[in-house]
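Q: This is the content of input-v7.txt (compact mmCIF, C-alpha atoms and all ligand atoms):
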# COMPACT_ATOMS: atom_id res chain seq x y z
CA MET R 76 -27.71 0.06 9.54
CA THR R 77 -28.70 -2.66 12.02
CA GLU R 78 -30.87 -5.66 11.31
CA ALA R 79 -33.77 -6.79 13.46
CA GLY R 80 -33.34 -10.20 15.11
CA PRO R 81 -31.09 -11.86 17.69
CA TYR R 82 -27.77 -10.96 16.06
CA ALA R 83 -28.48 -7.30 15.43
CA TRP R 84 -25.41 -6.34 17.50
CA CYS R 85 -23.37 -6.14 14.34
CA GLY R 86 -24.45 -3.66 11.70
CA ASP R 87 -22.81 -2.99 8.33
CA GLU R 88 -19.85 -1.32 10.00
CA LEU R 89 -17.14 -2.70 12.26
CA SER R 90 -15.42 -0.41 14.73
CA GLU R 91 -11.71 0.16 14.06
CA ALA R 92 -10.81 -1.93 17.14
CA GLU R 93 -13.01 -4.83 15.95
CA PHE R 94 -11.53 -4.67 12.47
CA GLN R 95 -7.97 -4.68 13.88
CA ALA R 96 -8.80 -7.65 16.13
CA ILE R 97 -10.10 -9.67 13.16
CA THR R 98 -7.10 -8.63 11.07
CA ALA R 99 -4.73 -9.89 13.78
CA VAL R 100 -6.51 -13.26 14.11
CA LEU R 101 -6.51 -13.90 10.35
CA HIS R 102 -2.87 -12.94 10.13
CA THR R 103 -1.82 -15.19 13.01
CA LYS R 104 -3.95 -18.18 12.06
CA ARG R 105 -3.78 -18.10 8.27
CA GLN R 106 -1.06 -15.55 7.35
CA PHE R 107 -3.91 -13.77 5.55
CA ASP R 108 -3.37 -10.05 4.89
CA VAL R 109 -6.77 -8.35 5.24
CA GLY R 110 -5.05 -4.95 4.99
CA ALA R 111 -4.20 -5.54 1.32
CA TYR R 112 -7.88 -5.70 0.35
CA LYS R 113 -9.95 -2.61 -0.33
CA ASP R 114 -11.12 -1.45 3.02
CA LYS R 115 -14.81 -0.88 2.49
CA CYS R 116 -15.78 -4.10 0.77
CA VAL R 117 -13.79 -6.31 3.12
CA ARG R 118 -15.25 -4.63 6.23
CA ARG R 119 -18.77 -5.05 4.84
CA ARG R 120 -18.21 -8.76 4.21
CA ILE R 121 -16.72 -9.38 7.64
CA ALA R 122 -19.68 -7.57 9.23
CA LYS R 123 -22.07 -9.76 7.23
CA ARG R 124 -20.35 -12.94 8.47
CA LEU R 125 -20.57 -11.65 12.05
CA ARG R 126 -24.29 -11.00 11.65
CA ASN R 127 -24.91 -14.47 10.21
CA CYS R 128 -22.68 -16.61 12.44
CA GLY R 129 -24.88 -16.81 15.51
CA ALA R 130 -22.39 -15.37 18.06
CA ALA R 131 -23.90 -13.30 20.86
CA ASP R 132 -21.45 -10.41 20.61
CA PHE R 133 -18.04 -9.48 19.26
CA ARG R 134 -16.13 -10.91 22.23
CA ALA R 135 -17.94 -14.26 21.78
CA TYR R 136 -17.10 -14.17 18.08
CA LEU R 137 -13.39 -13.60 18.74
CA MET R 138 -13.36 -16.53 21.16
CA ARG R 139 -15.00 -18.69 18.57
CA LEU R 140 -12.33 -17.74 16.05
CA GLU R 141 -9.69 -18.79 18.57
CA GLU R 142 -11.30 -22.20 19.16
CA ASP R 143 -12.94 -23.14 15.91
CA PRO R 144 -10.77 -23.44 12.77
CA GLU R 145 -13.92 -23.98 10.70
CA GLU R 146 -15.13 -20.50 11.63
CA VAL R 147 -11.77 -19.08 10.52
CA ASP R 148 -12.34 -20.79 7.16
CA ALA R 149 -15.94 -19.53 7.03
CA LEU R 150 -14.73 -15.98 7.64
CA LEU R 151 -12.10 -16.30 4.89
CA GLU R 152 -14.76 -17.62 2.56
CA ALA R 153 -17.01 -14.68 3.43
CA ILE R 154 -14.22 -12.29 2.45
CA SER R 155 -13.73 -13.94 -0.94
CA ILE R 156 -16.40 -13.75 -3.61
CA HIS R 157 -16.46 -16.69 -6.01
CA VAL R 158 -18.96 -15.45 -8.55
CA SER R 159 -18.08 -16.75 -12.01
CA HIS R 160 -19.56 -18.48 -15.03
CA PHE R 161 -18.40 -20.12 -18.25
CA PHE R 162 -17.31 -17.63 -20.96
CA ARG R 163 -17.93 -14.70 -18.64
CA ASP R 164 -17.64 -11.57 -20.83
CA PRO R 165 -18.19 -13.43 -24.11
CA GLY R 166 -16.42 -10.67 -26.09
CA THR R 167 -13.18 -11.46 -24.26
CA PHE R 168 -13.48 -15.18 -24.98
CA ARG R 169 -14.30 -14.47 -28.65
CA CYS R 170 -11.10 -12.41 -28.80
CA LEU R 171 -9.13 -15.23 -27.17
CA GLU R 172 -10.59 -17.79 -29.56
CA ARG R 173 -10.17 -15.74 -32.74
CA ASP R 174 -6.95 -13.79 -32.13
CA VAL R 175 -5.01 -14.55 -28.99
CA LEU R 176 -4.93 -18.36 -28.73
CA PRO R 177 -4.14 -19.02 -32.43
CA ASP R 178 -1.38 -16.41 -32.23
CA LEU R 179 0.10 -17.99 -29.09
CA VAL R 180 0.14 -21.36 -30.85
CA ALA R 181 1.79 -19.86 -33.95
CA GLN R 182 4.43 -17.98 -31.90
CA ALA R 183 5.25 -21.04 -29.81
CA GLN R 184 5.67 -23.17 -32.95
CA GLU R 185 7.83 -20.51 -34.55
CA ALA R 186 10.01 -20.37 -31.42
CA GLY R 187 10.39 -24.17 -31.48
CA ARG R 188 8.62 -24.56 -28.14
CA HIS R 189 7.05 -27.88 -27.17
CA GLY R 190 4.21 -26.48 -25.12
CA LEU R 191 2.20 -23.52 -23.90
CA ARG R 192 1.25 -22.70 -20.32
CA PHE R 193 -1.86 -20.86 -19.25
CA TRP R 194 -2.50 -19.64 -15.70
CA SER R 195 -5.90 -18.52 -14.51
CA VAL R 196 -5.45 -16.95 -11.08
CA GLY R 197 -8.45 -16.09 -8.95
CA CYS R 198 -10.22 -18.80 -10.92
CA ALA R 199 -12.91 -19.32 -8.23
CA THR R 200 -14.77 -22.56 -9.01
CA GLY R 201 -12.99 -23.23 -12.30
CA GLU R 202 -15.38 -21.92 -14.96
CA GLU R 203 -12.70 -19.72 -16.56
CA VAL R 204 -10.20 -22.59 -16.63
CA TYR R 205 -12.59 -25.02 -18.34
CA SER R 206 -13.69 -22.26 -20.74
CA LEU R 207 -10.07 -21.99 -21.90
CA ALA R 208 -9.76 -25.77 -22.15
CA LEU R 209 -12.95 -25.88 -24.25
CA LEU R 210 -11.58 -23.24 -26.65
CA MET R 211 -8.27 -25.11 -26.99
CA GLU R 212 -10.18 -28.26 -27.98
CA GLU R 213 -11.19 -26.53 -31.21
CA ILE R 214 -7.83 -24.95 -32.09
CA ASP R 215 -5.35 -26.78 -34.31
CA ARG R 216 -2.17 -26.88 -32.25
CA GLY R 217 -0.21 -29.66 -33.93
CA GLU R 218 2.11 -31.37 -31.46
CA LEU R 219 2.10 -28.55 -28.89
CA THR R 220 1.16 -29.60 -25.36
CA ILE R 221 -1.08 -27.25 -23.41
CA GLU R 222 -0.88 -26.91 -19.63
CA ILE R 223 -3.73 -25.06 -17.97
CA LEU R 224 -3.42 -24.29 -14.28
CA GLY R 225 -6.20 -22.72 -12.23
CA ALA R 226 -5.33 -21.04 -8.94
CA ASP R 227 -7.23 -19.40 -6.13
CA ILE R 228 -6.78 -18.58 -2.48
CA SER R 229 -9.90 -20.52 -1.54
CA SER R 230 -9.45 -24.27 -1.02
CA PRO R 231 -13.24 -24.95 -0.99
CA ALA R 232 -13.61 -23.12 -4.32
CA LEU R 233 -10.75 -25.20 -5.77
CA GLU R 234 -12.37 -28.42 -4.53
CA ASN R 235 -15.51 -27.49 -6.47
CA ALA R 236 -13.39 -26.64 -9.48
CA ARG R 237 -11.75 -30.09 -9.41
CA ARG R 238 -15.18 -31.73 -9.27
CA GLY R 239 -16.29 -29.84 -12.38
CA ARG R 240 -20.04 -29.99 -11.63
CA TYR R 241 -22.07 -26.91 -12.40
CA ASP R 242 -25.51 -25.44 -12.12
CA ALA R 243 -27.22 -24.59 -15.44
CA ILE R 244 -27.00 -20.86 -14.59
CA ARG R 245 -23.16 -21.06 -14.75
CA LEU R 246 -23.42 -22.50 -18.27
CA LYS R 247 -25.74 -19.97 -19.83
CA GLU R 248 -23.06 -18.72 -22.28
CA VAL R 249 -22.07 -22.25 -23.39
CA PRO R 250 -23.35 -22.99 -26.92
CA SER R 251 -25.77 -25.95 -26.89
CA ALA R 252 -23.55 -28.05 -29.20
CA VAL R 253 -20.62 -27.60 -26.78
CA LEU R 254 -22.85 -28.39 -23.83
CA LYS R 255 -23.97 -31.58 -25.51
CA LYS R 256 -20.46 -32.61 -26.48
CA TYR R 257 -18.58 -31.92 -23.23
CA PHE R 258 -21.13 -32.12 -20.38
CA ARG R 259 -23.25 -34.88 -18.91
CA GLN R 260 -26.40 -34.10 -16.98
CA ASP R 261 -26.31 -35.58 -13.50
CA GLY R 262 -29.21 -34.80 -11.19
CA GLY R 263 -29.82 -31.09 -11.53
CA LEU R 264 -26.17 -30.42 -12.38
CA TYR R 265 -23.88 -30.64 -15.41
CA GLN R 266 -20.68 -32.67 -15.10
CA ILE R 267 -17.80 -31.69 -17.36
CA ASP R 268 -16.19 -34.42 -19.44
CA ASP R 269 -13.54 -36.40 -17.49
CA ARG R 270 -10.94 -35.94 -20.20
CA LEU R 271 -11.18 -32.15 -19.89
CA ARG R 272 -11.30 -32.36 -16.11
CA HIS R 273 -8.01 -34.24 -16.13
CA ALA R 274 -6.47 -31.94 -18.73
CA VAL R 275 -6.38 -29.02 -16.27
CA ARG R 276 -4.94 -28.63 -12.77
CA PHE R 277 -5.91 -26.56 -9.76
CA GLU R 278 -3.59 -25.34 -7.02
CA ARG R 279 -3.93 -22.93 -4.13
CA HIS R 280 -2.14 -19.63 -4.63
CA ASP R 281 -2.32 -16.40 -2.64
CA LEU R 282 -1.61 -13.40 -4.85
CA LEU R 283 -0.92 -11.33 -1.75
CA ALA R 284 1.79 -13.64 -0.41
CA THR R 285 4.83 -11.71 -1.53
CA GLU R 286 7.09 -14.75 -1.34
CA ALA R 287 4.80 -16.79 -3.66
CA CYS R 288 6.16 -16.89 -7.22
CA CYS R 289 3.87 -16.64 -10.21
CA PRO R 290 4.45 -19.57 -12.54
CA GLN R 291 6.03 -18.66 -15.86
CA SER R 292 3.21 -18.55 -18.37
CA ASP R 293 2.26 -17.63 -21.91
CA LEU R 294 -1.21 -16.48 -20.92
CA ILE R 295 -2.29 -15.13 -17.55
CA LEU R 296 -5.97 -14.61 -16.83
CA CYS R 297 -6.51 -12.56 -13.70
CA ARG R 298 -10.05 -11.30 -14.06
CA ASN R 299 -12.21 -9.63 -11.45
CA VAL R 300 -9.65 -10.23 -8.71
CA LEU R 301 -7.29 -7.22 -8.66
CA ILE R 302 -10.31 -4.96 -8.25
CA TYR R 303 -10.56 -6.11 -4.62
CA PHE R 304 -6.95 -5.15 -3.80
CA SER R 305 -5.38 -1.86 -2.79
CA ARG R 306 -3.59 0.11 -5.53
CA ALA R 307 -0.15 -0.74 -4.13
CA GLU R 308 -0.90 -4.48 -4.23
CA GLN R 309 -2.32 -4.24 -7.75
CA GLU R 310 0.91 -2.60 -8.91
CA ARG R 311 3.12 -5.18 -7.22
CA ILE R 312 1.16 -8.09 -8.68
CA LEU R 313 1.16 -6.60 -12.19
CA ARG R 314 4.95 -6.25 -11.98
CA GLN R 315 5.16 -9.94 -11.03
CA PHE R 316 2.95 -10.85 -13.99
CA ALA R 317 5.22 -8.89 -16.36
CA THR R 318 8.20 -10.88 -15.08
CA SER R 319 6.53 -14.23 -15.45
CA LEU R 320 5.04 -13.81 -18.93
CA SER R 321 6.95 -15.22 -21.90
CA PRO R 322 8.09 -12.64 -24.50
CA PHE R 323 4.97 -13.19 -26.62
CA GLY R 324 2.74 -13.78 -23.57
CA ARG R 325 -0.58 -12.06 -22.89
CA LEU R 326 -2.34 -10.88 -19.78
CA VAL R 327 -6.13 -10.68 -19.58
CA LEU R 328 -7.86 -8.59 -16.92
CA GLY R 329 -11.56 -8.21 -16.08
CA ARG R 330 -13.79 -5.76 -17.95
CA SER R 331 -13.93 -3.34 -15.03
CA GLU R 332 -10.16 -3.44 -14.43
CA ILE R 333 -8.07 -0.77 -16.08
CA MET R 334 -4.31 -0.74 -16.07
CA ASP R 335 -2.77 2.54 -14.99
CA GLY R 336 0.00 3.72 -12.67
CA SER R 337 3.62 2.68 -13.12
CA SER R 338 2.79 -0.93 -14.07
CA ALA R 339 1.02 0.37 -17.22
CA ARG R 340 4.49 0.94 -18.76
CA LEU R 341 5.13 -2.78 -18.62
CA PHE R 342 2.16 -3.68 -20.83
CA THR R 343 0.60 -2.52 -24.07
CA ALA R 344 -3.13 -2.88 -24.60
CA GLU R 345 -3.54 -5.18 -27.61
CA PHE R 346 -7.34 -5.40 -27.41
CA PRO R 347 -8.26 -2.58 -25.01
CA LEU R 348 -11.99 -3.31 -24.83
CA GLU R 349 -11.38 -6.96 -24.03
CA ARG R 350 -8.57 -6.04 -21.58
CA VAL R 351 -5.96 -8.11 -23.38
CA TYR R 352 -2.38 -6.88 -22.85
CA ARG R 353 1.02 -7.83 -24.23
CA ARG R 354 4.29 -7.21 -22.51
CA SER R 355 5.67 -3.87 -23.73
CA VAL R 356 8.59 -4.13 -26.13
CA GLY R 357 11.51 -2.18 -24.69
CA GLY R 358 9.41 -1.14 -21.69
CA ASP R 359 10.68 -1.44 -18.13
CA ARG R 360 11.33 -5.08 -17.36
CA PRO R 361 11.55 -5.81 -13.70
CA GLY R 362 13.80 -8.60 -12.54
CA GLU R 363 15.76 -11.10 -14.56
CA MET R 364 14.81 -12.47 -17.94
CA ILE R 365 13.42 -15.94 -17.43
CA ASP R 366 14.29 -18.92 -19.57
CA HIS R 367 10.75 -19.93 -20.47
CA ALA R 368 11.88 -23.12 -22.15
CA LYS R 369 13.06 -24.35 -18.72
CA SER R 370 10.46 -22.88 -16.40
CA THR R 371 7.81 -24.99 -14.70
CA PHE R 372 4.37 -24.73 -13.21
CA PRO R 373 4.17 -25.40 -9.49
CA GLY R 374 3.96 -29.12 -8.85
CA ASP R 375 5.89 -30.03 -11.99
CA THR R 376 8.63 -32.45 -11.14
CA ASN R 377 10.74 -32.03 -14.26
CA ALA R 378 11.97 -28.85 -15.77
CA ARG R 379 11.47 -28.88 -19.48
C1 LIG R 401 -15.03 -12.73 -8.48
S1 LIG R 401 -14.01 -14.14 -8.46
C2 LIG R 401 -13.39 -14.10 -10.12
C3 LIG R 401 -13.55 -15.42 -10.82
C4 LIG R 401 -13.12 -15.44 -12.28
N1 LIG R 401 -11.76 -14.98 -12.45
C5 LIG R 401 -14.05 -14.63 -13.12
O1 LIG R 401 -13.71 -13.52 -13.53
O2 LIG R 401 -15.17 -15.09 -13.37
C6 LIG R 401 -12.63 -13.58 -7.49
C7 LIG R 401 -11.77 -14.74 -6.98
O3 LIG R 401 -10.55 -14.18 -6.48
C8 LIG R 401 -10.13 -15.00 -5.43
N2 LIG R 401 -9.16 -14.30 -4.58
C9 LIG R 401 -9.39 -13.34 -3.64
N3 LIG R 401 -8.24 -13.01 -3.03
C10 LIG R 401 -7.26 -13.76 -3.60
C11 LIG R 401 -5.85 -13.87 -3.37
N4 LIG R 401 -5.25 -13.13 -2.44
N5 LIG R 401 -5.15 -14.75 -4.12
C12 LIG R 401 -5.77 -15.51 -5.06
N6 LIG R 401 -7.10 -15.46 -5.31
C13 LIG R 401 -7.83 -14.59 -4.59
C14 LIG R 401 -11.43 -15.29 -4.67
O4 LIG R 401 -11.30 -16.43 -3.83
C15 LIG R 401 -12.40 -15.49 -5.83
O5 LIG R 401 -12.55 -16.84 -6.15
Represent the supplied structure as structure tokens.
A:
Amino acid sequence: MTEAGPYAWCGDELSEAEFQAITAVLHTKRQFDVGAYKDKCVRRRIAKRLRNCGAADFRAYLMRLEEDPEEVDALLEAISIHVSHFFRDPGTFRCLERDVLPDLVAQAQEAGRHGLRFWSVGCATGEEVYSLALLMEEIDRGELTIEILGADISSPALENARRGRYDAIRLKEVPSAVLKKYFRQDGGLYQIDDRLRHAVRFERHDLLATEACCPQSDLILCRNVLIYFSRAEQERILRQFATSLSPFGRLVLGRSEIMDGSSARLFTAEFPLERVYRRSVGGDRPGEMIDHAKSTFPGDTNAR
């Protein structure tokens, strides 16, 4: 398909040579591995950026990428999709509220732990992270400290997450009493309570960077992210998650993400519909056992 208008030179499809040229630039300039993403959707998004960027032809676009770091960022942003909203898939959050979070608290207390750590990776603009923080506000956790870390590859998305200001459409699943209690209307937007904003942290993390370690966690949310990656990458990342979850830890995937392949042996579906998994007892355990009492989130200065 081609579009009418001045930039119709780029249709929905990139030639193989164009795709390889873009891949090389992103790898050199940002160590970004386009090849690990599902081919079709990433090619479509790159083509869309090319159509919308105003370059006269592909050669001009490549030159622009060489000279303009902002265009490299814009291209990376075009490849990532940051669609999210508070309590996305309400059934999953009901399950977290009713079953998973109270159980994590109970297990941590029983194990004599001082705190729990939650990691939401591919958190986009932070809605998932604040949704967890909102649920934890209502759960009796005694003296336990709760660390909630949001992570994403996109620095602009993380900047928005730190600001904690949202359009009403992102809040459509938030009960009105919660909205009233934890948000302040500011212009056309809703600003999340400062206390909650400071109770969570956001850090850049690239799931495809093989050298990047996943922080040891009791709950990993990785929803609507793996779906964009090739099967081999999905498997590798799931193995990393299994290594970094505490013995009673849980993993939550997106509703359209199903665990299969060799990594499925590492997890047992606890709530299959809600895509909540536990680490399998006696299943394959890659790597070393981790001392979760001593492990830290990135950026922590003191080991516990
Ligand atoms: C569709 S959003 C999912 C947001 C949220 N988890 C949810 O389900 O509502 C996918 C997010 O994955 C992030 N992402 C894509 N590639 C990534 C990578 N290699 N490492 C970390 N995050 C990545 C994107 O930037 C985007 O914000």
Q: Neighbours of ligand LIG 401 (chain R) at 6 Å or closer, counting only C-alpha atoms and all ligand atoms: which residues, as a PyMOL selection string?
A: chain R and resi 155-160+163+197-199+227-229+280-283+297-300
Q: Choose the residue, out of R:Arg354, R:Arg134, R:Arg330, R:Arg216, that has the smallest atom-to-atom separation from R:Ile302; count all atoms listed in the file.
A: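 Distance minimum relative to R:Ile302 lands on R:Arg330.
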Q: Could you tell me how far atom CA of R:Arg314 sits from atom CA of R:Glu222, in Å to one decimal place?
A: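 Spanning atom CA of R:Glu222 to atom CA of R:Arg314 is a straight-line distance of 22.8 Å.
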Q: Each residue of stretch 149-192 of chain R lying at most 12 Å from stretch 88-107 of chain R should get a row with its shortest atom-to-atom pair and the distance in Å to one decimal, counting only C-alpha atoms; could you produce that, ordered by chain and increasing number, as a Markdown table?
A:
| residue | atom | partner | partner_atom | distance |
| --- | --- | --- | --- | --- |
| R:Ala149 | CA | R:Leu101 | CA | 11.5 |
| R:Leu150 | CA | R:Leu101 | CA | 8.9 |
| R:Leu151 | CA | R:Leu101 | CA | 8.2 |
| R:Glu152 | CA | R:Phe107 | CA | 11.9 |
| R:Ile154 | CA | R:Phe107 | CA | 10.9 |
| R:Ser155 | CA | R:Phe107 | CA | 11.8 |
Q: Excluding R:Leu264 and its own-chain neighbours fewer than 6 positions away, which residues fall within 8 Å of it when counting all atoms listed in the file? Please give them as an NGL selection string.
A: :R and (240-243)
Q: With only C-alpha atoms as the atoms that count, which of R:Ser331, R:Gln291, R:Ser319, R:Ser195 lies nearest to R:Arg276?
A: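 For R:Arg276, the nearest of the given residues is R:Ser195.
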Q: Around all of stretch 213-223 of chain R's listed atoms, make the axis-aligned box with 4 Å on each side and tell me centre and edge lengths in Å to one decimal, as JSON.
A:
{"center_x": -4.5, "center_y": -28.2, "center_z": -26.1, "size_x": 21.3, "size_y": 14.4, "size_z": 24.3}
Q: Please provide as an NGL selection string all residues within 12 Å of stretch 247-263 of chain R, with the sequence filter that same-chain residues fewer than 3 positions apart are discarded (counting only C-alpha atoms).
A: :R and (159-166 or 168-169 or 202-203 or 205-206 or 208-210 or 212-213 or 239-244 or 266-272)
Q: Nearest to R:Gln315 among R:Leu219, R:Leu341, R:Met138, R:Leu233, with distances taken over only C-alpha atoms: which residue is it?
A: R:Leu341
Q: For R:Ile333, which residue out of R:Arg188, R:Arg306, R:Arg118, R:His273 is the nearest one, using all atoms listed in the file?
A: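 So, comparing all the options, the nearest one is R:Arg306.
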Q: What does the distance from atom CA of R:Ala111 to atom CA of R:Asp335 come to in Å, to one decimal?
A: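 Separating atom CA of R:Ala111 from atom CA of R:Asp335 is a distance of 18.3 Å.
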